[in-house]
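What follows is a single structure, written as structure tokens, with notes after it.
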Amino acid sequence: MFADSPGEFAYPRELLLRLVLMSVFDGGLSSREIERRTQTDIGYMYLAGMQHPSYRTILRFKHDYSDLIDDAFKTTIKISTEEDLVKIHHVSLDGTKIKAKTSMNKLTNEQQLKIMKQHLEESIKLDEEEDEELGEESGNSVPETLTDKKNLKKYLKKLMNLQKMIETKIN
């Protein structure tokens with residue numbers, strides 16, 4: 001199912017677990033989105049220890065360690081509940097706030113686990129859709145044409161000419 005490429009870095013399971021858990025709490029992100037966020041989002045950078053696992057590594061982890069992820073969900077929910085760290089006052093969907101008519105006591109661990117598992121399943125489905133669309137590309141890399149100095153100079157020259165044209169039209 002996965003194409004292995006030589007030279008991949010090995011990442012601790014704890015690091016990958018932190019990223020997957022955070023992504024689930026953020027609504028079930030795809031592995032490519034997690035990879036992107038390790039480069040752009042301070043929270044993900046911190047959780048990843050400034051490392052950037054590839055989307056394939058994250059996807060393999062989701063598939064190979066689903067039991068570990070489930071156990072981590074259960075433990076996280078249990079600790080959050082015991083320590084009274086979760087308070088639900090509003091439920092927000094697409095920025096719309098709706099008053100919740102439930103207390104923490106009425107929310108069961110099973111319901112919370114069900115939601116988290118659903119987010120994980122959705123993120124895996126999203127990974128599969130992105131695999132069909134992008135193949136082996138991560139979707140986060142810079143095209144080689146923009147990393148080659150000759151091509152980059154050519155593009156910069158075009159941009160400078162465009163800027164000069166805009167300035168002359170404005171003045």
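If you're wondering about the labels, chains in the structure tokens are A, B, ... by order shown, residues count from 1 in each chain, ligands from 1 in order shown.
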
Which residues come within 6 Å of stretch 49-66 of chain A, counting only C-alpha atoms, excluding same-chain residues fewer than 6 positions away, as a short mmCIF file (atom, residue, chain, number, x, y, z; two decimals) with N, CA and C atoms, in the first residue's frame?
data_model
loop_
_atom_site.label_atom_id
_atom_site.label_comp_id
_atom_site.auth_asym_id
_atom_site.auth_seq_id
_atom_site.Cartn_x
_atom_site.Cartn_y
_atom_site.Cartn_z
N SER A 31 -2.84 13.67 6.85
CA SER A 31 -1.40 13.56 7.14
C SER A 31 -0.62 14.65 6.42
N ARG A 32 -1.03 15.01 5.23
CA ARG A 32 -0.36 16.09 4.51
C ARG A 32 -0.52 17.42 5.24
N GLU A 35 1.78 17.41 8.18
CA GLU A 35 3.14 17.69 7.72
C GLU A 35 3.32 19.19 7.48
N THR A 38 3.55 21.21 10.68
CA THR A 38 4.83 21.13 11.41
C THR A 38 5.83 22.15 10.89
#

Quick one: contact table of stretch 35-84 of chain A to stretch 11-18 of chain A, 7 Å max, nearest atom pair and distance in Å to one decimal per residue, counting only C-alpha atoms, chain and number order, as CSV?
residue,atom,partner,partner_atom,distance
A:Leu47,CA,A:Arg18,CA,6.3
A:Ala48,CA,A:Leu15,CA,5.8
A:Ile58,CA,A:Leu16,CA,6.6
A:Ile69,CA,A:Leu17,CA,6.8

Quick one: write out the picked residues with C-alpha atoms as a PDB file, in the first residue's frame?
ATOM      1  CA  LEU A  47       4.900  19.145  19.484  1.00  0.00           C
ATOM      2  CA  ALA A  48       7.182  17.884  16.708  1.00  0.00           C
ATOM      3  CA  ILE A  58       2.361  10.026   9.709  1.00  0.00           C
ATOM      4  CA  ILE A  69      -3.927   6.037  19.359  1.00  0.00           C
TER       5      ILE A  69
END

Report as a list of chain:residue names all protein, DNA and RNA residues lying within 12 Å of A:Gly27, evaluated on only C-alpha atoms, omitting residues in the same chain fewer than 6 positions from it. A:Val20, A:Leu21, A:Glu33, A:Ile34, A:Ser92, A:Leu93, A:Asp94, A:Ile115, A:Met116, A:Lys117, A:Gln118, A:His119, A:Leu120, A:Glu121, A:Glu122, A:Ser123, A:Leu126

I need the chosen residues saved as a CSV table (one decimal), in the first residue's frame, with N, CA, C and O atoms.
chain,number,residue,atom,x,y,z
A,20,VAL,N,-0.7,13.3,15.9
A,20,VAL,CA,-2.0,12.8,15.5
A,20,VAL,C,-3.0,13.2,16.5
A,20,VAL,O,-4.1,13.6,16.1
A,21,LEU,N,-2.7,13.1,17.8
A,21,LEU,CA,-3.7,13.6,18.8
A,21,LEU,C,-4.1,15.0,18.6
A,21,LEU,O,-5.3,15.4,18.6
A,33,GLU,N,-1.7,17.6,5.8
A,33,GLU,CA,-2.0,18.9,6.5
A,33,GLU,C,-1.1,18.9,7.8
A,33,GLU,O,-0.6,19.9,8.2
A,34,ILE,N,-1.0,17.7,8.5
A,34,ILE,CA,-0.1,17.7,9.7
A,34,ILE,C,1.3,18.0,9.3
A,34,ILE,O,2.0,18.8,10.0
A,92,SER,N,-19.3,25.0,18.9
A,92,SER,CA,-19.1,25.9,17.7
A,92,SER,C,-19.0,25.0,16.5
A,92,SER,O,-18.2,24.1,16.4
A,93,LEU,N,-19.7,25.4,15.5
A,93,LEU,CA,-19.6,24.8,14.2
A,93,LEU,C,-19.5,25.9,13.1
A,93,LEU,O,-20.3,26.7,13.0
A,94,ASP,N,-18.4,25.8,12.4
A,94,ASP,CA,-18.1,26.9,11.4
A,94,ASP,C,-18.2,28.3,12.0
A,94,ASP,O,-18.7,29.2,11.4
A,115,ILE,N,-16.4,10.4,19.0
A,115,ILE,CA,-16.1,11.6,18.2
A,115,ILE,C,-14.6,11.6,17.8
A,115,ILE,O,-14.3,11.9,16.6
A,116,MET,N,-13.7,11.3,18.7
A,116,MET,CA,-12.3,11.3,18.3
A,116,MET,C,-12.0,10.2,17.3
A,116,MET,O,-11.3,10.5,16.4
A,117,LYS,N,-12.6,9.1,17.4
A,117,LYS,CA,-12.4,8.0,16.5
A,117,LYS,C,-12.9,8.4,15.1
A,117,LYS,O,-12.3,8.1,14.1
A,118,GLN,N,-14.1,9.1,15.1
A,118,GLN,CA,-14.7,9.6,13.9
A,118,GLN,C,-13.7,10.6,13.2
A,118,GLN,O,-13.5,10.5,12.0
A,119,HIS,N,-13.1,11.5,14.0
A,119,HIS,CA,-12.2,12.4,13.4
A,119,HIS,C,-11.0,11.7,12.8
A,119,HIS,O,-10.5,12.1,11.8
A,120,LEU,N,-10.5,10.7,13.5
A,120,LEU,CA,-9.3,9.9,13.0
A,120,LEU,C,-9.7,9.2,11.7
A,120,LEU,O,-8.9,9.2,10.8
A,121,GLU,N,-10.9,8.6,11.7
A,121,GLU,CA,-11.3,7.9,10.5
A,121,GLU,C,-11.5,8.9,9.3
A,121,GLU,O,-11.1,8.6,8.2
A,122,GLU,N,-12.0,10.1,9.6
A,122,GLU,CA,-12.2,11.1,8.6
A,122,GLU,C,-10.8,11.5,8.0
A,122,GLU,O,-10.6,11.7,6.8
A,123,SER,N,-9.8,11.6,9.0
A,123,SER,CA,-8.5,12.1,8.5
A,123,SER,C,-7.8,11.0,7.6
A,123,SER,O,-7.2,11.3,6.7
A,126,LEU,N,-9.5,11.2,4.3
A,126,LEU,CA,-8.9,12.4,3.6
A,126,LEU,C,-7.5,12.1,3.1
A,126,LEU,O,-7.2,12.5,1.9

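Atom CA of A:Leu19 is positioned 6.7 Å from atom CA of A:Tyr44.
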
Return the single residue from A:Ile124, A:Glu130, A:Glu167, A:Glu137 that is closest to A:Gly28, with distances computed using only C-alpha atoms. A:Ile124

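Put simply, atom CA of A:Val24 is 13.3 Å away from atom CA of A:Arg37.
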
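Of the residues listed (A:Asp131, A:Lys114, A:Leu68, A:Ala10), A:Asp131 shows the shortest atom-to-atom separation from A:Ser30; distances use only C-alpha atoms.
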